[in-house]
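Coordinates from data01.cif are shown below (mmCIF, C-alpha atoms).
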data_coords
loop_
_atom_site.label_atom_id
_atom_site.label_comp_id
_atom_site.auth_asym_id
_atom_site.auth_seq_id
_atom_site.Cartn_x
_atom_site.Cartn_y
_atom_site.Cartn_z
CA MET O 1 -20.52 25.15 -34.55
CA GLN O 2 -16.78 25.76 -34.53
CA ALA O 3 -14.71 25.20 -37.65
CA VAL O 4 -11.38 26.02 -39.24
CA HIS O 5 -11.98 28.56 -42.02
CA PHE O 6 -10.47 31.39 -44.03
CA ALA O 7 -12.14 34.36 -45.72
CA GLU O 8 -9.33 35.11 -48.18
CA HIS O 9 -6.35 33.38 -49.73
CA GLY O 10 -2.94 33.96 -48.21
CA ASP O 11 -0.38 32.63 -45.76
CA ALA O 12 -1.24 30.65 -42.63
CA GLY O 13 -2.21 33.89 -40.90
CA VAL O 14 -5.55 33.97 -42.76
CA ILE O 15 -6.75 30.83 -40.93
CA GLU O 16 -9.31 31.27 -38.18
CA TYR O 17 -11.18 28.94 -35.83
CA GLY O 18 -14.63 30.08 -34.87
CA GLU O 19 -18.36 30.03 -35.49
CA VAL O 20 -19.77 28.93 -38.85
CA PRO O 21 -23.31 27.78 -39.68
CA ASP O 22 -24.26 24.24 -38.65
CA PRO O 23 -24.35 21.79 -41.59
CA GLU O 24 -27.68 20.96 -43.19
CA VAL O 25 -28.25 17.29 -44.04
CA ASP O 26 -29.71 16.47 -47.46
CA ARG O 27 -31.52 13.23 -48.26
CA GLY O 28 -28.37 11.39 -49.31
CA GLU O 29 -26.05 12.87 -46.70
CA VAL O 30 -24.78 11.91 -43.27
CA ARG O 31 -24.01 14.26 -40.37
CA VAL O 32 -20.85 13.31 -38.52
CA ASP O 33 -19.42 14.56 -35.24
CA VAL O 34 -15.74 14.88 -36.10
CA LYS O 35 -13.20 13.37 -33.71
CA ALA O 36 -10.03 14.00 -35.72
CA GLY O 37 -8.88 15.14 -39.16
CA ALA O 38 -5.54 15.29 -40.91
CA LEU O 39 -3.92 17.90 -43.10
CA ASN O 40 -2.63 17.28 -46.60
CA HIS O 41 -0.54 19.56 -48.79
CA LEU O 42 -3.77 20.09 -50.71
CA ASP O 43 -4.99 22.15 -47.74
CA VAL O 44 -1.99 24.45 -48.06
CA TRP O 45 -2.50 24.91 -51.80
CA THR O 46 -6.24 25.54 -51.35
CA ARG O 47 -5.51 28.17 -48.71
CA GLN O 48 -2.97 29.86 -50.96
CA GLY O 49 -5.35 29.76 -53.92
CA LEU O 50 -5.43 27.38 -56.87
CA PRO O 51 -5.76 28.63 -60.47
CA GLY O 52 -9.23 28.05 -61.86
CA ILE O 53 -10.89 27.35 -58.52
CA ASP O 54 -13.13 30.13 -57.23
CA LEU O 55 -14.15 29.21 -53.69
CA ALA O 56 -17.16 30.53 -51.83
CA MET O 57 -15.82 32.37 -48.79
CA PRO O 58 -15.42 31.76 -45.96
CA HIS O 59 -14.06 28.33 -46.88
CA VAL O 60 -13.66 25.39 -44.50
CA PRO O 61 -10.60 23.33 -45.56
CA GLY O 62 -9.82 19.68 -44.92
CA SER O 63 -10.20 16.46 -46.93
CA ASP O 64 -9.51 13.91 -44.17
CA ALA O 65 -11.62 13.36 -41.06
CA ALA O 66 -13.25 10.64 -38.98
CA GLY O 67 -15.98 10.59 -36.37
CA VAL O 68 -19.36 9.30 -35.23
CA VAL O 69 -22.59 9.40 -37.26
CA ARG O 70 -25.25 11.55 -35.55
CA GLU O 71 -27.91 11.90 -38.25
CA VAL O 72 -28.69 10.37 -41.64
CA GLY O 73 -30.74 11.67 -44.55
CA ALA O 74 -33.92 9.96 -45.68
CA ASP O 75 -32.22 8.11 -48.56
CA VAL O 76 -29.19 6.85 -46.61
CA THR O 77 -29.01 3.05 -46.28
CA ARG O 78 -25.40 2.20 -45.36
CA PHE O 79 -25.03 4.05 -42.04
CA SER O 80 -26.94 4.63 -38.83
CA PRO O 81 -26.47 6.97 -35.85
CA GLY O 82 -23.60 5.77 -33.68
CA ASP O 83 -21.54 4.28 -36.53
CA ARG O 84 -17.82 5.06 -36.68
CA VAL O 85 -16.83 6.45 -40.10
CA ALA O 86 -14.03 8.12 -42.04
CA VAL O 87 -14.26 10.49 -44.99
CA THR O 88 -13.03 9.61 -48.46
CA ALA O 89 -12.80 12.90 -50.30
CA GLY O 90 -13.30 12.20 -54.01
CA VAL O 91 -16.75 13.10 -55.37
CA ALA O 92 -18.04 11.75 -58.68
CA CYS O 93 -21.29 12.15 -60.62
CA GLY O 94 -22.05 8.43 -60.96
CA ASP O 95 -23.48 8.82 -64.47
CA CYS O 96 -20.68 9.71 -66.91
CA GLU O 97 -18.90 7.15 -69.09
CA PHE O 98 -16.05 6.73 -66.61
CA CYS O 99 -18.31 6.31 -63.58
CA ARG O 100 -20.46 3.78 -65.46
CA HIS O 101 -17.33 1.80 -66.35
CA GLY O 102 -16.22 1.60 -62.73
CA ASP O 103 -13.61 4.34 -62.39
CA PRO O 104 -15.19 7.36 -60.69
CA SER O 105 -11.77 8.95 -60.12
CA MET O 106 -11.83 9.64 -63.89
CA CYS O 107 -15.27 11.28 -63.65
CA VAL O 108 -15.71 14.30 -65.92
CA SER O 109 -16.98 16.32 -62.95
CA PHE O 110 -14.67 14.78 -60.34
CA HIS O 111 -13.94 17.08 -57.41
CA ILE O 112 -12.50 16.87 -53.92
CA ILE O 113 -14.05 17.70 -50.58
CA GLY O 114 -12.00 20.49 -49.04
CA GLU O 115 -10.53 21.65 -52.36
CA HIS O 116 -13.50 22.45 -54.60
CA VAL O 117 -16.27 22.38 -51.97
CA PRO O 118 -16.32 22.97 -48.19
CA GLY O 119 -14.11 20.62 -46.21
CA VAL O 120 -14.22 18.66 -42.99
CA HIS O 121 -12.01 20.42 -40.42
CA ALA O 122 -14.97 21.29 -38.24
CA GLU O 123 -16.87 20.01 -35.21
CA GLU O 124 -19.65 18.69 -37.45
CA ILE O 125 -19.85 17.88 -41.16
CA ALA O 126 -22.50 16.74 -43.63
CA VAL O 127 -21.14 14.63 -46.49
CA PRO O 128 -22.64 12.30 -49.11
CA GLU O 129 -23.13 8.72 -47.97
CA ALA O 130 -20.83 7.57 -50.77
CA ASN O 131 -17.97 9.56 -49.22
CA LEU O 132 -17.88 7.62 -45.97
CA VAL O 133 -16.27 4.31 -45.06
CA PRO O 134 -16.81 2.29 -41.86
CA VAL O 135 -14.14 2.41 -39.17
CA PRO O 136 -13.82 -0.67 -36.92
CA GLU O 137 -13.93 -0.43 -33.15
CA GLY O 138 -10.46 -0.13 -31.68
CA VAL O 139 -8.98 1.98 -34.49
CA ASP O 140 -7.66 5.21 -33.00
CA TRP O 141 -9.35 8.36 -34.26
CA THR O 142 -6.01 9.90 -35.28
CA VAL O 143 -5.38 6.88 -37.53
CA ALA O 144 -8.94 6.84 -38.89
CA GLY O 145 -8.82 10.55 -39.64
CA SER O 146 -5.46 10.56 -41.43
CA ALA O 147 -5.33 7.49 -43.68
CA SER O 148 -7.89 7.74 -46.46
CA LEU O 149 -6.47 10.32 -48.85
CA VAL O 150 -2.78 9.48 -48.78
CA PHE O 151 -3.07 5.70 -48.59
CA GLY O 152 -5.80 5.63 -51.23
CA THR O 153 -3.72 7.86 -53.51
CA ALA O 154 -0.53 5.82 -53.03
CA TRP O 155 -2.38 2.51 -53.47
CA ARG O 156 -3.88 3.57 -56.80
CA MET O 157 -0.52 4.92 -57.98
CA LEU O 158 1.43 1.77 -57.27
CA VAL O 159 -1.02 -1.13 -57.41
CA ASP O 160 -3.32 0.04 -60.20
CA ARG O 161 -1.58 2.65 -62.34
CA ALA O 162 2.07 1.51 -62.10
CA ASP O 163 1.03 -2.15 -61.60
CA ILE O 164 4.13 -3.05 -59.61
CA ASP O 165 5.28 -6.66 -59.33
CA PRO O 166 7.24 -8.41 -56.56
CA GLY O 167 10.97 -8.00 -57.09
CA GLU O 168 10.70 -4.71 -58.97
CA SER O 169 12.58 -1.67 -57.72
CA VAL O 170 10.63 1.44 -56.65
CA LEU O 171 11.99 4.91 -55.82
CA VAL O 172 9.73 7.01 -53.59
CA LEU O 173 10.55 10.72 -53.50
CA GLY O 174 9.65 12.76 -50.43
CA ALA O 175 9.21 9.71 -48.23
CA SER O 176 8.53 11.78 -45.11
CA GLY O 177 5.28 13.23 -46.46
CA GLY O 178 1.82 11.73 -46.40
CA VAL O 179 1.74 10.09 -49.83
CA GLY O 180 5.46 9.31 -49.64
CA HIS O 181 5.36 7.40 -46.37
CA ALA O 182 2.26 5.51 -47.54
CA ALA O 183 3.95 4.61 -50.84
CA VAL O 184 7.02 3.22 -49.05
CA GLN O 185 4.83 0.84 -47.04
CA ILE O 186 2.68 -0.24 -49.99
CA ALA O 187 5.68 -0.90 -52.25
CA ALA O 188 7.51 -2.86 -49.55
CA ASP O 189 4.41 -4.91 -48.76
CA ALA O 190 4.07 -5.73 -52.47
CA GLY O 191 7.58 -7.22 -52.45
CA ALA O 192 9.39 -4.38 -54.17
CA ASP O 193 12.95 -3.27 -53.45
CA VAL O 194 12.26 0.22 -52.08
CA PHE O 195 14.50 3.27 -52.41
CA ALA O 196 13.42 6.43 -50.59
CA THR O 197 14.57 10.05 -50.44
CA ALA O 198 14.26 12.46 -47.51
CA SER O 199 16.14 15.45 -46.11
CA THR O 200 17.32 14.45 -42.61
CA GLU O 201 18.78 11.42 -40.87
CA ASP O 202 15.66 11.09 -38.69
CA LYS O 203 13.38 11.08 -41.74
CA LEU O 204 15.59 8.56 -43.53
CA ALA O 205 15.57 6.31 -40.45
CA ALA O 206 11.77 6.50 -40.29
CA ALA O 207 11.51 5.57 -43.98
CA ALA O 208 13.77 2.59 -43.34
CA GLU O 209 11.56 1.47 -40.46
CA LEU O 210 8.57 1.49 -42.81
CA GLY O 211 10.27 -0.69 -45.42
CA ALA O 212 12.78 1.31 -47.46
CA ALA O 213 15.83 -0.89 -48.07
CA HIS O 214 17.88 2.04 -49.41
CA THR O 215 17.66 5.68 -48.33
CA ILE O 216 19.10 8.82 -49.94
CA ASP O 217 19.51 12.29 -48.43
CA TYR O 218 18.48 14.40 -51.40
CA GLU O 219 19.94 17.57 -49.88
CA ARG O 220 23.43 16.04 -49.72
CA GLU O 221 23.40 13.71 -52.73
CA ASP O 222 22.21 13.80 -56.32
CA PHE O 223 19.57 11.12 -56.02
CA ALA O 224 19.60 10.16 -59.71
CA SER O 225 23.35 9.55 -59.62
CA GLU O 226 23.01 7.64 -56.35
CA ILE O 227 20.28 5.45 -57.85
CA ARG O 228 22.54 4.61 -60.78
CA SER O 229 25.31 3.73 -58.35
CA LEU O 230 23.10 1.58 -56.14
CA THR O 231 21.65 -0.30 -59.13
CA ASP O 232 24.94 -0.85 -61.01
CA GLY O 233 23.89 1.66 -63.65
CA ARG O 234 20.51 0.09 -64.38
CA GLY O 235 18.05 2.42 -62.68
CA VAL O 236 14.74 1.56 -61.02
CA ASP O 237 11.55 0.19 -62.50
CA VAL O 238 9.20 2.76 -60.96
CA VAL O 239 9.57 6.30 -59.61
CA VAL O 240 6.85 7.81 -57.42
CA ASP O 241 7.14 11.58 -57.94
CA HIS O 242 4.69 14.00 -56.34
CA VAL O 243 7.31 16.77 -56.07
CA GLY O 244 7.12 18.09 -59.63
CA ALA O 245 9.40 20.60 -61.32
CA ALA O 246 12.32 20.34 -58.88
CA THR O 247 12.75 16.58 -59.34
CA TRP O 248 11.28 15.75 -62.74
CA GLY O 249 14.50 15.53 -64.74
CA ASP O 250 16.27 13.44 -62.10
CA SER O 251 13.22 11.20 -61.78
CA LEU O 252 13.46 10.38 -65.50
CA ARG O 253 17.23 9.85 -65.16
CA SER O 254 16.58 7.39 -62.33
CA LEU O 255 14.48 5.03 -64.45
CA ALA O 256 15.67 1.85 -66.06
CA LYS O 257 14.79 1.16 -69.69
CA GLY O 258 11.07 0.56 -69.90
CA GLY O 259 10.56 2.19 -66.49
CA ARG O 260 7.45 3.98 -65.27
CA LEU O 261 7.21 7.39 -63.63
CA VAL O 262 3.91 7.77 -61.76
CA THR O 263 2.83 11.16 -60.45
CA CYS O 264 -0.07 12.47 -58.38
CA GLY O 265 1.04 16.05 -57.81
CA ALA O 266 3.55 18.83 -58.30
CA THR O 267 4.43 20.46 -54.99
CA THR O 268 7.30 22.48 -56.49
CA GLY O 269 5.53 23.45 -59.69
CA PRO O 270 3.64 21.86 -62.60
CA ASN O 271 5.75 22.87 -65.60
CA PRO O 272 9.22 21.27 -65.58
CA GLU O 273 11.56 20.93 -68.50
CA THR O 274 11.42 17.35 -69.72
CA ASP O 275 13.81 15.18 -71.73
CA ILE O 276 11.66 13.79 -74.55
CA ASN O 277 14.66 12.03 -76.09
CA ARG O 278 15.17 10.04 -72.89
CA ILE O 279 11.48 9.15 -72.75
CA PHE O 280 11.24 7.71 -76.27
CA TRP O 281 14.75 6.21 -76.47
CA ASN O 282 14.42 4.41 -73.13
CA GLN O 283 10.73 3.66 -73.82
CA LEU O 284 9.62 5.17 -70.53
CA GLU O 285 6.03 5.59 -69.38
CA VAL O 286 4.80 8.75 -67.64
CA ILE O 287 1.61 7.91 -65.74
CA GLY O 288 -0.79 10.29 -64.03
CA SER O 289 -2.89 9.25 -61.05
CA THR O 290 -5.54 11.08 -59.04
CA MET O 291 -7.04 9.95 -55.73
CA ALA O 292 -8.61 6.44 -55.76
CA THR O 293 -11.82 4.56 -56.51
CA PRO O 294 -14.06 3.52 -53.58
CA GLY O 295 -12.94 -0.08 -54.04
CA GLN O 296 -9.27 0.89 -53.95
CA VAL O 297 -9.88 2.92 -50.78
CA ASP O 298 -11.61 -0.09 -49.21
CA ASP O 299 -8.73 -2.38 -50.16
CA VAL O 300 -6.00 -0.22 -48.68
CA LEU O 301 -7.92 0.82 -45.57
CA GLU O 302 -8.47 -2.84 -44.67
CA ARG O 303 -4.70 -3.01 -44.36
CA VAL O 304 -4.60 0.19 -42.30
CA TRP O 305 -7.32 -1.02 -39.94
CA ASP O 306 -5.54 -4.35 -39.36
CA GLY O 307 -2.18 -2.64 -38.75
CA THR O 308 -0.39 -3.77 -41.93
CA PHE O 309 0.05 -0.11 -42.87
CA GLU O 310 0.57 2.67 -40.37
CA PRO O 311 -0.14 6.37 -40.80
CA ARG O 312 2.74 7.95 -38.92
CA ILE O 313 1.52 10.91 -36.86
CA ARG O 314 4.04 13.71 -36.36
CA GLU O 315 1.80 16.02 -34.29
CA VAL O 316 -1.76 16.28 -32.95
CA LEU O 317 -3.03 19.84 -32.46
CA PRO O 318 -6.35 21.47 -31.54
CA MET O 319 -8.19 22.95 -34.51
CA SER O 320 -7.70 26.38 -32.96
CA GLU O 321 -3.99 25.88 -33.84
CA ALA O 322 -4.70 25.00 -37.48
CA GLY O 323 -2.44 27.85 -38.61
CA ARG O 324 0.49 26.20 -36.85
CA ALA O 325 -0.50 22.86 -38.42
CA HIS O 326 -0.33 24.44 -41.89
CA ARG O 327 3.10 25.87 -41.13
CA LEU O 328 4.38 22.44 -40.07
CA LEU O 329 3.54 21.15 -43.53
CA GLU O 330 4.96 24.16 -45.33
CA ASP O 331 8.21 24.04 -43.34
CA ARG O 332 8.52 20.26 -43.87
CA GLU O 333 8.93 19.68 -40.15
CA GLY O 334 8.82 16.05 -39.02
CA PHE O 335 7.73 12.76 -40.59
CA GLY O 336 4.18 11.75 -41.47
CA LYS O 337 0.79 13.32 -40.85
CA VAL O 338 -0.33 16.38 -38.90
CA VAL O 339 -3.69 15.83 -37.21
CA VAL O 340 -6.14 18.44 -35.91
CA VAL O 341 -8.84 17.74 -33.33
CA PRO O 342 -11.89 19.90 -32.53
CA ASP O 343 -11.16 21.89 -29.38
CA SER O 344 -14.33 20.47 -27.85
CA GLU O 345 -12.86 16.96 -28.14
CA ARG O 346 -9.68 17.75 -26.20
#

Would you give me this structure, written as structure tokens?
Amino acid sequence: MQAVHFAEHGDAGVIEYGEVPDPEVDRGEVRVDVKAGALNHLDVWTRQGLPGIDLAMPHVPGSDAAGVVREVGADVTRFSPGDRVAVTAGVACGDCEFCRHGDPSMCVSFHIIGEHVPGVHAEEIAVPEANLVPVPEGVDWTVAGSASLVFGTAWRMLVDRADIDPGESVLVLGASGGVGHAAVQIAADAGADVFATASTEDKLAAAAELGAAHTIDYEREDFASEIRSLTDGRGVDVVVDHVGAATWGDSLRSLAKGGRLVTCGATTGPNPETDINRIFWNQLEVIGSTMATPGQVDDVLERVWDGTFEPRIREVLPMSEAGRAHRLLEDREGFGKVVVVPDSER
């Protein structure tokens, strides 16, 4: 079969699209003919090489995909050939203390399809039954293949970890990215007063369309100072920061007393300087969040399938142009998700 893959870490030039072995289906796995899959910044980091992760090469990237079931293993009970499904990428053991208490995203051996093990940007994939969710008829493949990771991640961050309430104020950094544009919609739907940062007028306008009541061009304005101005010096209740080192100090400065900073990533680096005095004096909470539980994915995808939330698609490309797709993410071009489609499906 044809798949996106790379044989060494490096820039987007290492990406190829060509023959790899067909997937083998184990007893608890499902073979899926992929119709569409989306990129996440995780794909860029995996391609560049992540400390502590030694991938078997060549590696197929991709954590988001959707398609049609073609074969099921002997132990599979939830799906049958012909079913429409989407991938949810978090893999847990099912037996550790965290899994047994209902939070597999805390699993001691938690890993992610496409990051730690082969991914799903291929014509065909074989994934565990537990890593698939049904997709209703009528949902476009580009939507089905681009929603799970970012909407699940943003849902857990805001609804579970930060536990936002109606009327609270939420600042979403990087609102034009996958997690960012999902977080804007989720916070607005929850009744929050949403502030969003982005780097161009078009991106700010798109964030406003999705529910941001206040937008800030972070390249022209100091967003922490602007937040203080817009809130009469108070600050916001919650900051969603997946940017990392470049924004960390200003994210803390943007919080009201008792505020919560919730983070799921560090695009610009994992080791910022931090103001401990501000954290204890203002009684701030710094909250980590990774991916989502199956139930949280189900909850948020119901709202994607019914149109409450919308994965914005900036570009749809053939998988043979996956290198260009990676560069779109790295260059921060456009708003929303970049989708790749097997060349055989175009």

Answer key for the PyMOL selection byres ((chain O and resi 345) around 10), residues as JSON, numbers by chain:
{"O": [33, 34, 35, 36, 123, 318, 319, 341, 342, 343, 344, 346]}

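Atom CA of O:Val32 lies 23.7 Å from atom CA of O:Arg303.
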
So which residues touch O:Pro128 within 9 Å, counting only C-alpha atoms, skipping near sequence neighbours fewer than 4 positions away, as an NGL selection string?
:O and (26-30 or 76 or 91 or 132)

For stretch 95-108 of chain O, list every protein, DNA or RNA residue within 7 Å, evaluated using only C-alpha atoms, and leave out those in the same chain fewer than 2 positions away; present the list as a list in words.
Ala92, Cys93, Phe110, Thr290, Met291, Ala292 and Thr293 of chain O

O:Glu219: which residues within 12 Å, counting all atoms listed in the file, same-chain residues fewer than 6 positions away excluded, as a ChimeraX atom specification?
/O:174,197-201,204,247

Using the chain letters and residue numbers of this document, give as a ChimeraX atom specification the residues selected by the PyMOL selection byres ((chain O and resi 246) around 10).
/O:243-245,247-251,266-273

Please produce a file of the residues just selected, as a PDB file, in the coordinates of the input, where the atoms kept are C-alpha atoms.
ATOM      1  CA  VAL O 243       7.310  16.770 -56.070  1.00  0.00           C
ATOM      2  CA  GLY O 244       7.120  18.090 -59.630  1.00  0.00           C
ATOM      3  CA  ALA O 245       9.400  20.600 -61.320  1.00  0.00           C
ATOM      4  CA  THR O 247      12.750  16.580 -59.340  1.00  0.00           C
ATOM      5  CA  TRP O 248      11.280  15.750 -62.740  1.00  0.00           C
ATOM      6  CA  GLY O 249      14.500  15.530 -64.740  1.00  0.00           C
ATOM      7  CA  ASP O 250      16.270  13.440 -62.100  1.00  0.00           C
ATOM      8  CA  SER O 251      13.220  11.200 -61.780  1.00  0.00           C
ATOM      9  CA  ALA O 266       3.550  18.830 -58.300  1.00  0.00           C
ATOM     10  CA  THR O 267       4.430  20.460 -54.990  1.00  0.00           C
ATOM     11  CA  THR O 268       7.300  22.480 -56.490  1.00  0.00           C
ATOM     12  CA  GLY O 269       5.530  23.450 -59.690  1.00  0.00           C
ATOM     13  CA  PRO O 270       3.640  21.860 -62.600  1.00  0.00           C
ATOM     14  CA  ASN O 271       5.750  22.870 -65.600  1.00  0.00           C
ATOM     15  CA  PRO O 272       9.220  21.270 -65.580  1.00  0.00           C
ATOM     16  CA  GLU O 273      11.560  20.930 -68.500  1.00  0.00           C
TER      17      GLU O 273
END

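Ranking O:Asp202, O:Glu209, O:Glu71, O:Glu129 by their shortest atom-to-atom distance to O:Gly334, with all atoms listed in the file included, puts O:Asp202 first.
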
Just the number, please: distance in Å from atom CA of O:Gly191 to atom CA of O:Lys337, one decimal.
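A separation of 24.5 Å between them.
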
Expressed in Å to a single decimal, how great is the separation between atom CA of O:Val170 and atom CA of O:Val87?
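Computing the Euclidean distance for atom CA of O:Val170 and atom CA of O:Val87 yields 28.9 Å.
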
Near stretch 61-70 of chain O, within 9 Å and counting only C-alpha atoms, which residues show up once chain neighbours fewer than 6 positions away are dropped, as a PDB file with C-alpha atoms, in the coordinates of the input?
ATOM      1  CA  VAL O   4     -11.380  26.020 -39.240  1.00  0.00           C
ATOM      2  CA  HIS O   5     -11.980  28.560 -42.020  1.00  0.00           C
ATOM      3  CA  PHE O   6     -10.470  31.390 -44.030  1.00  0.00           C
ATOM      4  CA  VAL O  30     -24.780  11.910 -43.270  1.00  0.00           C
ATOM      5  CA  ARG O  31     -24.010  14.260 -40.370  1.00  0.00           C
ATOM      6  CA  VAL O  32     -20.850  13.310 -38.520  1.00  0.00           C
ATOM      7  CA  ASP O  33     -19.420  14.560 -35.240  1.00  0.00           C
ATOM      8  CA  VAL O  34     -15.740  14.880 -36.100  1.00  0.00           C
ATOM      9  CA  LYS O  35     -13.200  13.370 -33.710  1.00  0.00           C
ATOM     10  CA  ALA O  36     -10.030  14.000 -35.720  1.00  0.00           C
ATOM     11  CA  GLY O  37      -8.880  15.140 -39.160  1.00  0.00           C
ATOM     12  CA  ALA O  38      -5.540  15.290 -40.910  1.00  0.00           C
ATOM     13  CA  LEU O  39      -3.920  17.900 -43.100  1.00  0.00           C
ATOM     14  CA  ASN O  40      -2.630  17.280 -46.600  1.00  0.00           C
ATOM     15  CA  LEU O  42      -3.770  20.090 -50.710  1.00  0.00           C
ATOM     16  CA  ASP O  43      -4.990  22.150 -47.740  1.00  0.00           C
ATOM     17  CA  THR O  46      -6.240  25.540 -51.350  1.00  0.00           C
ATOM     18  CA  ARG O  47      -5.510  28.170 -48.710  1.00  0.00           C
ATOM     19  CA  PHE O  79     -25.030   4.050 -42.040  1.00  0.00           C
ATOM     20  CA  SER O  80     -26.940   4.630 -38.830  1.00  0.00           C
ATOM     21  CA  PRO O  81     -26.470   6.970 -35.850  1.00  0.00           C
ATOM     22  CA  GLY O  82     -23.600   5.770 -33.680  1.00  0.00           C
ATOM     23  CA  ASP O  83     -21.540   4.280 -36.530  1.00  0.00           C
ATOM     24  CA  ARG O  84     -17.820   5.060 -36.680  1.00  0.00           C
ATOM     25  CA  VAL O  85     -16.830   6.450 -40.100  1.00  0.00           C
ATOM     26  CA  ALA O  86     -14.030   8.120 -42.040  1.00  0.00           C
ATOM     27  CA  VAL O  87     -14.260  10.490 -44.990  1.00  0.00           C
ATOM     28  CA  THR O  88     -13.030   9.610 -48.460  1.00  0.00           C
ATOM     29  CA  ALA O  89     -12.800  12.900 -50.300  1.00  0.00           C
ATOM     30  CA  GLY O  90     -13.300  12.200 -54.010  1.00  0.00           C
ATOM     31  CA  ILE O 112     -12.500  16.870 -53.920  1.00  0.00           C
ATOM     32  CA  ILE O 113     -14.050  17.700 -50.580  1.00  0.00           C
ATOM     33  CA  GLY O 114     -12.000  20.490 -49.040  1.00  0.00           C
ATOM     34  CA  GLU O 115     -10.530  21.650 -52.360  1.00  0.00           C
ATOM     35  CA  VAL O 117     -16.270  22.380 -51.970  1.00  0.00           C
ATOM     36  CA  PRO O 118     -16.320  22.970 -48.190  1.00  0.00           C
ATOM     37  CA  GLY O 119     -14.110  20.620 -46.210  1.00  0.00           C
ATOM     38  CA  VAL O 120     -14.220  18.660 -42.990  1.00  0.00           C
ATOM     39  CA  HIS O 121     -12.010  20.420 -40.420  1.00  0.00           C
ATOM     40  CA  ALA O 122     -14.970  21.290 -38.240  1.00  0.00           C
ATOM     41  CA  GLU O 124     -19.650  18.690 -37.450  1.00  0.00           C
ATOM     42  CA  LEU O 132     -17.880   7.620 -45.970  1.00  0.00           C
ATOM     43  CA  VAL O 135     -14.140   2.410 -39.170  1.00  0.00           C
ATOM     44  CA  TRP O 141      -9.350   8.360 -34.260  1.00  0.00           C
ATOM     45  CA  THR O 142      -6.010   9.900 -35.280  1.00  0.00           C
ATOM     46  CA  VAL O 143      -5.380   6.880 -37.530  1.00  0.00           C
ATOM     47  CA  ALA O 144      -8.940   6.840 -38.890  1.00  0.00           C
ATOM     48  CA  GLY O 145      -8.820  10.550 -39.640  1.00  0.00           C
ATOM     49  CA  SER O 146      -5.460  10.560 -41.430  1.00  0.00           C
ATOM     50  CA  ALA O 147      -5.330   7.490 -43.680  1.00  0.00           C
ATOM     51  CA  SER O 148      -7.890   7.740 -46.460  1.00  0.00           C
ATOM     52  CA  LEU O 149      -6.470  10.320 -48.850  1.00  0.00           C
TER      53      LEU O 149
END
